[in-house]
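For reference, data.csv (CSV, C-alpha atoms):
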chain,number,residue,atom,x,y,z
A,801,MET,CA,12.7,-8.6,-14.4
A,802,GLU,CA,11.4,-6.9,-17.6
A,803,ASN,CA,11.1,-3.1,-17.3
A,804,PHE,CA,7.7,-1.4,-17.2
A,805,ASN,CA,6.1,2.0,-17.0
A,806,TYR,CA,5.4,2.9,-13.4
A,807,TYR,CA,2.3,4.9,-12.4
A,808,ARG,CA,1.3,5.9,-8.9
A,809,PRO,CA,-2.1,7.5,-9.1
A,810,ALA,CA,-3.5,9.4,-6.2
A,811,SER,CA,-7.2,8.5,-6.7
A,812,VAL,CA,-9.2,5.4,-7.6
A,813,ASP,CA,-10.6,7.3,-10.6
A,814,ASP,CA,-7.1,8.1,-11.9
A,815,ALA,CA,-6.1,4.4,-11.4
A,816,VAL,CA,-9.1,3.2,-13.4
A,817,LYS,CA,-8.4,5.7,-16.1
A,818,ALA,CA,-4.7,4.6,-16.3
A,819,ALA,CA,-5.7,0.9,-16.5
A,820,LYS,CA,-8.3,1.5,-19.2
A,821,ALA,CA,-5.7,3.4,-21.3
A,822,LYS,CA,-3.2,0.5,-21.1
A,823,PRO,CA,-4.6,-2.9,-21.9
A,824,ASP,CA,-1.6,-4.8,-20.6
A,825,ALA,CA,-1.4,-2.8,-17.3
A,826,LYS,CA,-1.5,-4.5,-14.0
A,827,TYR,CA,-2.6,-3.1,-10.7
A,828,MET,CA,-0.1,-3.5,-7.8
A,829,SER,CA,-1.2,-3.3,-4.2
A,830,GLY,CA,1.4,-4.6,-1.7
A,831,GLY,CA,3.2,-6.4,-4.5
A,832,MET,CA,3.9,-9.5,-2.4
A,833,THR,CA,2.8,-11.8,-5.1
A,834,LEU,CA,3.2,-9.7,-8.2
A,835,ILE,CA,6.8,-8.7,-7.7
A,836,PRO,CA,8.1,-12.3,-7.1
A,837,THR,CA,6.0,-13.3,-10.1
A,838,MET,CA,7.6,-10.7,-12.3
A,839,LYS,CA,11.1,-11.5,-11.0
A,840,GLN,CA,10.6,-15.1,-12.1
A,841,GLY,CA,9.5,-13.9,-15.5
A,842,LEU,CA,6.0,-15.4,-15.1
A,843,ALA,CA,4.5,-12.0,-15.7
A,844,SER,CA,5.8,-9.0,-17.6
A,845,PRO,CA,3.2,-6.3,-17.7
A,846,SER,CA,3.9,-3.2,-19.9
A,847,ASP,CA,2.6,-0.9,-17.1
A,848,ILE,CA,2.3,-1.1,-13.3
A,849,ILE,CA,-0.3,0.9,-11.7
A,850,ASP,CA,0.7,1.1,-8.0
A,851,LEU,CA,-2.3,1.6,-5.7
A,852,GLY,CA,-0.1,2.4,-2.8
A,853,ALA,CA,-0.7,6.2,-3.0
A,854,LEU,CA,-4.5,5.8,-2.6
A,855,LYS,CA,-4.0,5.4,1.1
A,856,ASN,CA,-7.1,3.3,1.1
A,857,SER,CA,-6.6,1.5,4.4
A,858,GLY,CA,-8.7,1.2,7.5
A,859,ILE,CA,-11.2,-1.0,9.4
A,860,ALA,CA,-14.8,-0.1,10.3
A,861,VAL,CA,-16.8,-2.4,12.6
A,862,GLY,CA,-20.6,-1.9,12.9
A,863,ALA,CA,-23.2,-4.5,11.9
A,864,THR,CA,-20.5,-5.8,9.6
A,865,VAL,CA,-16.7,-5.6,9.4
A,866,VAL,CA,-15.6,-3.4,6.5
A,867,ILE,CA,-11.9,-3.6,5.7
A,868,LYS,CA,-10.6,-1.2,3.0
A,869,ALA,CA,-8.7,-2.9,0.2
A,870,GLY,CA,-5.3,-1.4,1.0
A,871,THR,CA,-5.3,-2.6,4.6
A,872,THR,CA,-2.2,-4.7,5.3
A,873,HIS,CA,-2.3,-8.2,6.8
A,874,ALA,CA,-0.4,-6.8,9.8
A,875,GLU,CA,-3.1,-4.2,10.4
A,876,VAL,CA,-5.9,-6.7,10.2
A,877,ALA,CA,-4.0,-9.2,12.5
A,878,SER,CA,-3.4,-6.5,15.2
A,879,SER,CA,-6.7,-4.8,15.0
A,880,ALA,CA,-8.5,-4.9,18.4
A,881,ASP,CA,-11.8,-4.4,16.6
A,882,VAL,CA,-11.3,-7.3,14.2
A,883,LYS,CA,-10.0,-9.5,17.1
A,884,LYS,CA,-13.3,-8.8,19.0
A,885,ALA,CA,-15.7,-9.0,16.1
A,886,ILE,CA,-14.2,-11.9,14.0
A,887,PRO,CA,-11.2,-13.3,15.9
A,888,ALA,CA,-10.7,-16.0,13.2
A,889,LEU,CA,-10.1,-13.3,10.6
A,890,ALA,CA,-7.4,-11.6,12.7
A,891,ALA,CA,-5.8,-15.0,13.3
A,892,LEU,CA,-5.9,-15.8,9.6
A,893,ALA,CA,-4.3,-12.5,8.7
A,894,GLY,CA,-1.6,-13.1,11.3
A,895,GLY,CA,-0.7,-16.4,9.7
A,896,ILE,CA,-0.1,-15.1,6.1
A,897,GLY,CA,3.5,-15.3,4.9
A,898,ASP,CA,5.9,-13.8,7.5
A,899,PRO,CA,6.0,-10.6,9.5
A,900,HIS,CA,7.7,-8.7,6.7
A,901,VAL,CA,5.3,-9.8,4.1
A,902,ARG,CA,2.4,-8.9,6.4
A,903,HIS,CA,3.7,-5.3,6.6
A,904,LYS,CA,3.3,-5.0,2.8
A,905,GLY,CA,0.7,-7.4,1.6
A,906,THR,CA,-3.0,-6.2,1.5
A,907,ILE,CA,-6.4,-7.8,1.7
A,908,GLY,CA,-7.4,-6.3,-1.6
A,909,GLY,CA,-4.4,-7.6,-3.4
A,910,SER,CA,-4.8,-11.1,-2.0
A,911,VAL,CA,-8.5,-11.3,-2.9
A,912,ALA,CA,-8.0,-9.8,-6.4
A,913,ASN,CA,-5.1,-12.3,-7.1
A,914,ASN,CA,-7.2,-15.3,-5.9
A,915,ASP,CA,-4.2,-17.6,-5.5
A,916,PRO,CA,-5.7,-21.1,-5.1
A,917,ALA,CA,-3.6,-21.6,-1.9
A,918,ALA,CA,-4.1,-18.1,-0.4
A,919,ASP,CA,-5.8,-17.7,3.0
A,920,TYR,CA,-8.2,-14.7,2.5
A,921,PRO,CA,-10.4,-16.2,-0.2
A,922,SER,CA,-11.5,-18.9,2.3
A,923,ALA,CA,-12.5,-16.2,4.8
A,924,CYS,CA,-14.5,-14.3,2.2
A,925,LEU,CA,-16.3,-17.5,1.0
A,926,GLY,CA,-16.6,-18.9,4.5
A,927,LEU,CA,-18.2,-15.8,6.0
A,928,GLY,CA,-20.2,-14.8,2.9
A,929,ALA,CA,-18.4,-11.6,2.4
A,930,THR,CA,-19.2,-8.9,-0.2
A,931,ILE,CA,-16.4,-7.5,-2.4
A,932,HIS,CA,-16.8,-3.8,-3.0
A,933,THR,CA,-15.2,-2.4,-6.2
A,934,ASN,CA,-15.1,1.0,-7.8
A,935,ALA,CA,-18.2,0.0,-9.9
A,936,ARG,CA,-20.3,-2.5,-7.8
A,937,LYS,CA,-20.7,-5.0,-5.0
A,938,ILE,CA,-20.0,-8.6,-5.7
A,939,LYS,CA,-20.9,-11.6,-3.4
A,940,ALA,CA,-18.0,-13.9,-2.6
A,941,GLU,CA,-19.9,-16.8,-4.2
A,942,ASP,CA,-19.9,-14.9,-7.6
A,943,PHE,CA,-16.4,-13.3,-7.2
A,944,PHE,CA,-14.0,-16.3,-7.1
A,945,THR,CA,-14.3,-18.0,-10.5
A,946,GLY,CA,-11.3,-20.4,-10.5
A,947,MET,CA,-7.6,-20.5,-10.4
A,948,PHE,CA,-6.2,-16.9,-10.3
A,949,SER,CA,-9.5,-15.7,-11.8
A,950,THR,CA,-12.2,-13.5,-10.4
A,951,ALA,CA,-15.3,-11.6,-11.6
A,952,LEU,CA,-13.3,-8.4,-11.8
A,953,GLU,CA,-13.5,-6.8,-15.2
A,954,ASP,CA,-10.7,-5.0,-17.0
A,955,GLY,CA,-9.7,-2.0,-15.0
A,956,GLU,CA,-12.1,-2.8,-12.1
A,957,VAL,CA,-10.5,-2.3,-8.7
A,958,ILE,CA,-11.4,-3.6,-5.3
A,959,THR,CA,-12.1,-0.8,-2.8
A,960,ALA,CA,-13.1,-2.8,0.3
A,961,ILE,CA,-14.2,-6.2,1.6
A,962,GLU,CA,-17.3,-6.4,3.8
A,963,PHE,CA,-17.6,-9.4,6.2
A,964,PRO,CA,-20.8,-10.3,8.1
A,965,ILE,CA,-20.1,-11.1,11.7
A,966,PRO,CA,-20.7,-14.8,12.4
A,967,LYS,CA,-21.8,-16.4,15.7
A,968,LYS,CA,-18.4,-18.0,15.8
A,969,ALA,CA,-15.7,-19.0,13.2
A,970,GLY,CA,-12.3,-20.7,13.0
A,971,TYR,CA,-9.5,-21.2,10.5
A,972,ALA,CA,-7.0,-23.9,10.4
A,973,LYS,CA,-4.3,-24.5,7.8
A,974,PHE,CA,-1.8,-27.2,7.0
A,975,PRO,CA,1.0,-25.1,5.5
A,976,ASN,CA,3.4,-26.4,2.9
A,977,PRO,CA,6.6,-26.8,4.8
A,978,ALA,CA,8.6,-24.8,2.2
A,979,SER,CA,6.3,-22.2,0.8
A,980,ARG,CA,4.1,-21.8,3.9
A,981,TYR,CA,1.1,-21.4,1.6
A,982,ALA,CA,-1.9,-23.5,2.5
A,983,MET,CA,-1.6,-27.1,1.3
A,984,VAL,CA,-5.1,-27.3,2.8
A,985,GLY,CA,-6.8,-24.5,4.7
A,986,VAL,CA,-10.3,-24.6,6.1
A,987,PHE,CA,-12.4,-21.7,7.3
A,988,ALA,CA,-15.5,-22.8,9.2
A,989,ALA,CA,-18.2,-20.4,10.4
A,990,ASP,CA,-21.4,-20.7,12.3
A,991,THR,CA,-23.5,-18.0,10.7
A,992,ALA,CA,-27.1,-16.8,10.9
A,993,GLU,CA,-27.8,-18.8,7.7
A,994,GLY,CA,-26.2,-22.0,9.1
A,995,PRO,CA,-22.8,-23.5,9.0
A,996,ARG,CA,-20.4,-22.5,6.1
A,997,VAL,CA,-17.1,-24.3,5.3
A,998,ALA,CA,-14.7,-22.9,2.7
A,999,VAL,CA,-11.6,-24.8,1.6
A,1000,THR,CA,-8.4,-23.3,0.1
A,1001,GLY,CA,-5.2,-24.9,-1.2
A,1002,ALA,CA,-6.9,-28.2,-2.0
A,1003,GLY,CA,-8.5,-27.4,-5.4
A,1004,ALA,CA,-8.2,-25.2,-8.4
A,1005,GLY,CA,-9.6,-22.4,-6.3
A,1006,VAL,CA,-11.5,-21.8,-3.1
A,1007,PHE,CA,-14.7,-23.8,-2.7
A,1008,ARG,CA,-17.4,-24.6,-0.2
A,1009,ALA,CA,-17.5,-28.1,1.2
A,1010,SER,CA,-21.2,-28.9,1.2
A,1011,ALA,CA,-20.7,-32.4,2.8
A,1012,LEU,CA,-19.0,-30.8,5.8
A,1013,GLU,CA,-21.6,-28.0,6.0
A,1014,SER,CA,-24.5,-30.4,6.2
A,1015,ALA,CA,-22.6,-32.5,8.8
A,1016,LEU,CA,-22.2,-29.4,10.9
A,1017,GLY,CA,-26.0,-28.8,10.6
A,1018,LYS,CA,-26.3,-31.5,13.3
A,1019,GLY,CA,-24.4,-29.1,15.6
A,1020,PHE,CA,-21.4,-26.8,15.2
A,1021,ALA,CA,-18.9,-29.1,16.9
A,1022,ALA,CA,-15.9,-31.1,15.7
A,1023,GLY,CA,-17.6,-34.3,16.6
A,1024,SER,CA,-20.3,-33.7,14.0
A,1025,LEU,CA,-17.6,-34.0,11.3
A,1026,THR,CA,-16.6,-37.6,12.2
A,1027,GLY,CA,-17.2,-39.7,9.1
A,1028,ALA,CA,-17.8,-36.7,6.8
A,1029,ALA,CA,-15.5,-36.2,3.8
A,1030,VAL,CA,-15.0,-34.3,0.7
A,1031,PRO,CA,-14.4,-36.5,-2.4
A,1032,ALA,CA,-10.8,-36.7,-3.6
A,1033,LYS,CA,-11.8,-36.5,-7.2
A,1034,GLY,CA,-10.9,-33.1,-8.8
A,1035,LEU,CA,-8.6,-32.1,-5.9
A,1036,ASN,CA,-5.0,-31.0,-6.5
A,1037,SER,CA,-2.4,-33.8,-6.7
A,1038,ASP,CA,1.3,-32.8,-6.9
A,1039,LEU,CA,4.7,-33.7,-5.4
A,1040,HIS,CA,3.6,-32.2,-2.0
A,1041,ALA,CA,0.4,-34.2,-1.5
A,1042,SER,CA,-1.9,-36.6,-3.4
A,1043,ALA,CA,-5.6,-35.7,-3.9
A,1044,GLU,CA,-6.5,-38.4,-1.4
A,1045,TYR,CA,-4.2,-37.0,1.2
A,1046,ARG,CA,-5.6,-33.5,0.7
A,1047,ALA,CA,-9.2,-34.9,1.0
A,1048,HIS,CA,-8.2,-36.4,4.3
A,1049,LEU,CA,-6.6,-33.2,5.4
A,1050,ILE,CA,-9.8,-31.2,4.7
A,1051,THR,CA,-11.7,-33.1,7.3
A,1052,VAL,CA,-8.8,-32.9,9.8
A,1053,MET,CA,-8.4,-29.1,9.3
A,1054,ALA,CA,-12.2,-28.6,9.4
A,1055,LYS,CA,-12.3,-30.3,12.8
A,1056,ARG,CA,-9.4,-28.1,14.0
A,1057,ALA,CA,-11.1,-25.0,12.6
A,1058,VAL,CA,-14.4,-25.8,14.4
A,1059,ASP,CA,-12.5,-26.6,17.6
A,1060,ALA,CA,-10.7,-23.3,17.4
A,1061,ALA,CA,-13.9,-21.3,16.6
A,1062,LYS,CA,-14.8,-18.4,18.7
B,878,MET,CA,12.7,7.3,-15.5
B,879,PRO,CA,11.2,8.1,-12.1
B,880,ALA,CA,13.3,10.4,-9.9
B,881,ILE,CA,13.0,9.5,-6.3
B,882,SER,CA,14.2,10.9,-3.0
B,883,MET,CA,14.2,9.3,0.4
B,884,LYS,CA,15.9,9.3,3.7
B,885,VAL,CA,18.3,6.5,4.3
B,886,ASN,CA,19.9,6.1,7.7
B,887,GLY,CA,19.0,9.7,8.5
B,888,GLU,CA,20.5,11.2,5.3
B,889,ALA,CA,18.6,12.6,2.4
B,890,VAL,CA,19.4,10.7,-0.8
B,891,CYS,CA,18.0,10.9,-4.4
B,892,GLY,CA,18.4,9.2,-7.7
B,893,ASP,CA,16.9,8.2,-11.0
B,894,VAL,CA,15.5,4.6,-11.1
B,895,GLU,CA,13.7,2.4,-13.6
B,896,GLY,CA,10.2,1.2,-12.8
B,897,ARG,CA,11.7,-2.2,-12.2
B,898,THR,CA,14.5,-1.1,-9.9
B,899,LEU,CA,14.1,-2.9,-6.6
B,900,LEU,CA,14.6,-1.1,-3.3
B,901,VAL,CA,17.5,-3.4,-2.5
B,902,GLU,CA,19.2,-2.6,-5.8
B,903,PHE,CA,18.8,1.1,-5.1
B,904,ILE,CA,20.3,0.6,-1.6
B,905,ARG,CA,23.2,-1.6,-2.7
B,906,GLU,CA,24.1,-0.3,-6.2
B,907,LYS,CA,23.1,3.4,-6.1
B,908,LEU,CA,23.9,4.1,-2.5
B,909,GLY,CA,26.7,1.5,-2.1
B,910,LEU,CA,25.2,0.3,1.2
B,911,THR,CA,26.1,-3.4,0.7
B,912,GLY,CA,25.2,-4.5,4.3
B,913,THR,CA,21.7,-5.3,3.0
B,914,HIS,CA,22.0,-8.7,1.3
B,915,VAL,CA,20.2,-10.7,-1.4
B,916,GLY,CA,20.1,-14.3,-0.4
B,917,CYS,CA,17.3,-15.7,-2.6
B,918,ASP,CA,15.2,-14.8,-5.6
B,919,THR,CA,11.9,-15.9,-4.1
B,920,SER,CA,11.2,-13.4,-1.3
B,921,GLN,CA,11.7,-16.1,1.3
B,922,CYS,CA,15.1,-15.7,3.0
B,923,GLY,CA,14.9,-12.3,4.7
B,924,ALA,CA,18.6,-11.3,4.2
B,925,CYS,CA,17.4,-8.1,2.5
B,926,VAL,CA,15.1,-6.9,5.4
B,927,VAL,CA,15.2,-3.2,6.1
B,928,LEU,CA,13.0,-0.9,8.1
B,929,VAL,CA,10.7,1.3,6.0
B,930,ASP,CA,8.9,4.0,8.0
B,931,GLY,CA,9.7,1.9,11.1
B,932,LYS,CA,8.4,-1.5,9.7
B,933,ALA,CA,10.5,-4.5,8.6
B,934,VAL,CA,10.0,-5.2,4.9
B,935,LYS,CA,11.8,-7.3,2.3
B,936,SER,CA,13.7,-4.8,0.1
B,937,CYS,CA,14.0,-7.4,-2.6
B,938,THR,CA,10.3,-7.4,-3.0
B,939,ALA,CA,9.7,-3.7,-3.1
B,940,LEU,CA,10.0,-1.2,-6.0
B,941,ALA,CA,12.4,1.7,-5.4
B,942,ALA,CA,9.9,4.0,-7.2
B,943,ALA,CA,7.2,3.1,-4.7
B,944,HIS,CA,9.4,4.4,-1.8
B,945,ASP,CA,9.7,8.0,-2.9
B,946,GLY,CA,9.6,9.9,0.4
B,947,ALA,CA,10.2,6.9,2.6
B,948,ASP,CA,12.4,6.8,5.7
B,949,VAL,CA,14.6,3.7,5.4
B,950,THR,CA,17.0,2.2,8.0
B,951,THR,CA,19.6,-0.4,6.9
B,952,VAL,CA,22.0,-2.3,9.1
B,953,GLU,CA,24.6,0.5,8.5
B,954,GLY,CA,22.3,2.9,10.2
B,955,LEU,CA,22.0,1.0,13.6
B,956,ALA,CA,25.3,1.9,15.3
B,957,ARG,CA,25.4,5.2,17.2
B,958,ASP,CA,28.7,7.2,17.8
B,959,GLY,CA,30.8,4.1,17.0
B,960,LYS,CA,28.8,1.9,19.4
B,961,MET,CA,26.9,-1.0,18.1
B,962,HIS,CA,23.1,-1.3,18.5
B,963,PRO,CA,22.2,-3.5,21.5
B,964,MET,CA,20.8,-6.1,19.1
B,965,GLN,CA,24.1,-6.2,17.1
B,966,GLU,CA,26.0,-6.5,20.3
B,967,ALA,CA,23.8,-9.4,21.4
B,968,PHE,CA,24.4,-11.3,18.2
B,969,LYS,CA,28.2,-10.9,18.7
B,970,ASP,CA,28.1,-11.8,22.4
B,971,ASN,CA,25.9,-14.9,21.8
B,972,HIS,CA,27.7,-16.1,18.7
B,973,GLY,CA,24.4,-15.6,16.8
B,974,LEU,CA,26.0,-16.0,13.4
B,975,GLN,CA,28.6,-18.1,11.6
B,976,CYS,CA,29.0,-17.0,8.0
B,977,GLY,CA,27.1,-13.8,8.7
B,978,PHE,CA,25.2,-13.5,5.4
B,979,CYS,CA,21.7,-13.6,7.0
B,980,THR,CA,22.7,-11.4,10.0
B,981,PRO,CA,21.8,-8.0,8.7
B,982,GLY,CA,18.2,-9.2,8.0
B,983,MET,CA,18.1,-11.1,11.3
B,984,VAL,CA,19.2,-8.0,13.3
B,985,ILE,CA,16.7,-5.7,11.5
B,986,ALA,CA,13.9,-8.2,11.9
B,987,SER,CA,14.7,-8.7,15.6
B,988,ILE,CA,14.6,-4.9,16.2
B,989,ASP,CA,11.2,-4.8,14.4
B,990,MET,CA,10.0,-7.7,16.6
B,991,VAL,CA,10.9,-5.8,19.8
B,992,ASN,CA,9.3,-2.6,18.4
B,993,ARG,CA,6.0,-4.5,17.9
B,994,LEU,CA,6.0,-7.0,20.8
B,995,GLY,CA,8.1,-5.4,23.5
B,996,LYS,CA,11.4,-6.4,25.2
B,997,ASN,CA,10.2,-9.5,27.0
B,998,LEU,CA,10.1,-12.1,24.3
B,999,SER,CA,9.6,-15.9,24.9
B,1000,GLU,CA,11.7,-18.4,22.9
B,1001,GLU,CA,8.5,-19.6,21.2
B,1002,THR,CA,7.6,-16.0,20.1
B,1003,ILE,CA,11.1,-15.4,18.8
B,1004,ARG,CA,11.2,-18.6,16.8
B,1005,HIS,CA,7.7,-18.0,15.3
B,1006,GLU,CA,8.5,-14.3,14.5
B,1007,LEU,CA,11.7,-15.3,12.6
B,1008,GLU,CA,9.7,-17.3,10.1
B,1009,GLY,CA,10.7,-14.9,7.3
B,1010,ASN,CA,14.5,-15.1,8.0
B,1011,ILE,CA,16.5,-18.1,7.0
B,1012,CYS,CA,19.9,-19.1,8.3
B,1013,ARG,CA,21.8,-22.0,6.9
B,1014,CYS,CA,24.6,-22.1,9.5
B,1015,THR,CA,23.5,-21.8,13.1
B,1016,GLY,CA,20.5,-24.0,13.5
B,1017,TYR,CA,18.9,-20.8,15.0
B,1018,HIS,CA,19.7,-21.8,18.6
B,1019,ASN,CA,22.2,-18.9,19.2
B,1020,ILE,CA,20.2,-16.5,17.1
B,1021,VAL,CA,17.2,-17.1,19.5
B,1022,ALA,CA,19.5,-16.5,22.4
B,1023,ALA,CA,20.8,-13.3,20.8
B,1024,VAL,CA,17.4,-11.9,20.1
B,1025,LYS,CA,16.3,-12.6,23.7
B,1026,ALA,CA,19.4,-10.9,25.1
B,1027,GLY,CA,19.3,-8.0,22.6
B,1028,ALA,CA,15.6,-7.4,23.3
B,1029,ALA,CA,16.2,-7.1,27.0
B,1030,ASN,CA,18.9,-4.5,26.4
B,1031,MET,CA,17.0,-2.3,24.0
The structure in this file should be written as structure tokens.
Amino acid sequence: MENFNYYRPASVDDAVKAAKAKPDAKYMSGGMTLIPTMKQGLASPSDIIDLGALKNSGIAVGATVVIKAGTTHAEVASSADVKKAIPALAALAGGIGDPHVRHKGTIGGSVANNDPAADYPSACLGLGATIHTNARKIKAEDFFTGMFSTALEDGEVITAIEFPIPKKAGYAKFPNPASRYAMVGVFAADTAEGPRVAVTGAGAGVFRASALESALGKGFAAGSLTGAAVPAKGLNSDLHASAEYRAHLITVMAKRAVDAAK
Amino acid sequence: MPAISMKVNGEAVCGDVEGRTLLVEFIREKLGLTGTHVGCDTSQCGACVVLVDGKAVKSCTALAAAHDGADVTTVEGLARDGKMHPMQEAFKDNHGLQCGFCTPGMVIASIDMVNRLGKNLSEETIRHELEGNICRCTGYHNIVAAVKAGAANM
């Protein structure tokens, strides 16, 4: 791994100042993606700004569920408040990586990285979350802009994710047998504004499956999805699965997500 | 070069590290505690798992500099007064290892599992919770038996 200058600011303001002073700097939260990426030589930032000292973790449940950016997957998975308000979100967090990764990895880091096969972006888009940053609030629809890219500007840092509480929601993923990342993951939610279905792992980035959402308009039940499909065109095709297979999996996982919804 | 200090197996230690120095490199190369292993380069195998402030983490995927002030337990810190930890004892009694390379990570991960989930672990829970620890010898069967027995004795 290439060497870098290491900073550990104690406040968001100091972190942003440090990032603005160093154009090639990268923020690090739990480091569960960034450190392996640097070890492989796929990233070699000049400076690492570690957000670990911000101690920005915690969960507040009111009319919405607000999870601070530095909250680990293990904390979300084991939170009695999250399990009660949005059980699918706790279950999703409990299925990321493995127990050791969940002790380090954070929701803010996962959302900022926007890995096309990560789990959290599907919950953000599926629930219609709002991403809070040091500068503004961004709707999930506007936040995820494609493979590993987001609406975050240089130096902008996520401070919290705010999730509306759905009537019910479920998440189902088909993990890659080796990497355990989602080959296809579907987050389905019955919300005040109607059904929402977000898909991860299948495309260049997380996306809403409008064909499945309109099918669920007939009733939020797995049976409503029979015959509904997302077109294979534009989906990922690689040694693990063809685009057609991923398209097939989307409907299968959507049915499982709806079946599991509570 | 950041100067760090931490507690490892109850003893205060310190050293200068580079930004890129991994926690596992600090443990193995600076402290000479080679019981913590590196089995892969992709954060998948779990041979490097240690307890940091009581929680299992992959020390190959953690910067040493980020652990200034941390309380770390490695496999060398488990025995007490020359007597093995119950989980170590259970791995021995149940033949929960063959080559032994993954064992330090398996033992630490299993202790973390008991700390989080209690002593009464089902086979299904144990298998699921060992998702982050890979063994190429045993087929896991005796590891699962060892974790079940070790948990009950903790």
For the point (20.6, -3.9, 26.3) in the file's frame, write as number ranges by chain all residues with an atom no more than 10 Å away, counting all atoms listed in the file. B: 962-964, 966-967, 996, 1026-1031
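Relative to atom CA of B:Glu902, atom CA of B:Met883 is found at 14.3 Å.
The protein and nucleic acid residues lying at most 8 Å from A:Lys868 are Asn856, Ser857, Gly858, Ile859, Ile907, Gly908, Thr959, Ala960 and Ile961 of chain A, with all atoms listed in the file considered and sequence neighbours fewer than 5 positions away removed.
Taking atom CA of B:Gly1009 as the reference point, atom CA of B:Gln921 is found at 6.2 Å.
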What does the distance from atom CA of B:Ile904 to atom CA of B:Ala943 come to in Å, to one decimal?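 Between these atoms lies a distance of 13.7 Å.
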Taking all atoms listed in the file into account, find every residue of chain B that has an atom no more than 7 Å from chain A, and write it out as an NGL selection string. :B and (896-897 or 919-920 or 932-935 or 938 or 1006 or 1008-1009)
Selection: 12 Å around A:Gly1023, only C-alpha atoms, excl. self and same-chain fewer than 3 positions, as a list of chain:residue names: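 Non-adjacent residues within range: A:Leu1012, A:Ala1015, A:Leu1016, A:Gly1017, A:Lys1018, A:Gly1019, A:Phe1020, A:Thr1026, A:Gly1027, A:Ala1028, A:Thr1051, A:Val1052, A:Ala1054, A:Lys1055, A:Arg1056, A:Val1058, A:Asp1059.
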